[in-house]
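Here is the structure we will look at, set down as structure tokens.
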Amino acid sequence: MKISKLKYIPLFSIATIVTVAFIACSNDSNSDEDAINNDDTSAELHAAFAEFDSENVTILLNGTEVEIETNGMPNHTSPYWSNTTERSAVDPMGNTLTTEAADSNHPLFVEPTVTSFEKMAPGNIDDFNGSYSLTVPQTPTKASTSTSTGLGAIGIAVSGAMIYNDEEGPNVPLDDAVGSLDYTAAHTGPQSYHYHLETKAWSNDDENLIGIMADGFFLYGRKCNATGTYPTDLDASGGHTSTTQHSTEEEYHYHIQNELYLNQFYILFPGDYQGSPATIL
């Protein structure tokens, strides 16, 4: 995906998110345009998918499965967009990694605030010019046993970027890497720009939708729409069953757990999948 397809949104203005263009796939002879305009089939997609940024994310209904594709780019500001400041970082093997200065600042670049150029991870968002796909059931169900998350992408955020767990490496907690996170608790990594903690670019102590996990269940902010406050019946994965702002019927979903990490942060997803996870490719 080209960077030029991104929608430029000023800092903290991500609250208004464009409705995604839903595409329903069928075996009949209708054209793609007809499928897109078929309100009856497109309505079968969960209403929460309308919150995903349509410039970065494509969502298709294929039979009883939902196919989600993203360019992995966020639609908000960050100091990790290309900029005119060169920076260096030393990896665990002692190698110095240099992120070269660009000729000009990317339109979504902002100066680091909670981190610094000296603490930032190597690489800029623009360096990751890839795509990611996830296929989940249209109606996910809980599995008989939970499944632990692994390193790498475990979910896709509404912004288009990736969701990671609470580890920085194999059995390595996030503790030492917190200093490299930007204001919305994300940094660059081996494969993508990704979030570890509460995504303050669009969710801060509220009920907002964060994204979808690899098992097909949605992840919301710390508060619950059904009660207007912090849920008290969450399971070990931060999940429970209730209505949401996207559903009038009760359904299982996750929340960012309202438990402090390092006395000031909230981890996006510290538990296990309660459904059957697919691989984000």
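Starting from 1 in every chain, residues are counted up; chains themselves are A, B, ... following the order of the structure tokens, and ligands are numbered from 1 as listed.
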Next on the checklist: If we count only C-alpha atoms and set the cut-off at 9 Å, which residues sit around segment 98-108 of chain A, ignoring sequence neighbours fewer than 4 positions away in its own chain? Please answer as JSON, numbers by chain.
Outcome noted: {"A": [8, 9, 10, 11, 75, 76, 77, 78, 79, 81, 82, 83, 84, 85, 86, 87, 88, 89, 90, 122, 123, 124, 126]}
Next on the checklist: One decimal, in Å: what's the spacing between atom CA of Ser54 of chain A and atom CA of Tyr183 of chain A?
Outcome noted: 23.3 Å
Item to check | Test item: residues at most 9 Å from Ala177 of chain A, only C-alpha atoms, excluding those fewer than 4 positions along its chain, as an MDAnalysis selection string | outcome: chainID A and resid 119 121 168 173 181
Write out, as a compact mmCIF listing (two decimals), in the first residue's frame, the residues just selected, with N, CA and C atoms.
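Dumped everything to part-v6.txt:
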```txt
# COMPACT_ATOMS: atom_id res chain seq x y z
N LYS A 119 15.58 7.49 22.87
CA LYS A 119 14.97 6.27 23.40
C LYS A 119 14.14 5.52 22.36
N ALA A 121 12.70 3.36 19.27
CA ALA A 121 13.15 2.15 18.58
C ALA A 121 13.60 2.50 17.17
N GLU A 168 8.12 -8.02 25.01
CA GLU A 168 8.98 -7.37 24.04
C GLU A 168 9.80 -8.41 23.27
N PRO A 173 9.55 -9.30 29.39
CA PRO A 173 8.44 -8.37 29.61
C PRO A 173 8.70 -7.02 28.94
N LEU A 181 8.06 3.81 23.70
CA LEU A 181 6.69 3.94 23.21
C LEU A 181 6.30 5.41 23.03
```
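Of the listed residues A:Ala157, A:Val136, A:Leu60, A:Ile68, the one whose atoms come nearest to Ser276 of chain A is A:Val136, with distances taken using only C-alpha atoms.
Among A:Thr244, A:Ser159, A:Ser144, A:Asn71, the residue with the shortest atom-to-atom distance to Ser203 of chain A, counting only C-alpha atoms, is A:Ser159.
The gap separating atom CA of Ser192 of chain A from atom CA of Thr135 of chain A is 19.0 Å, in Å to one decimal.
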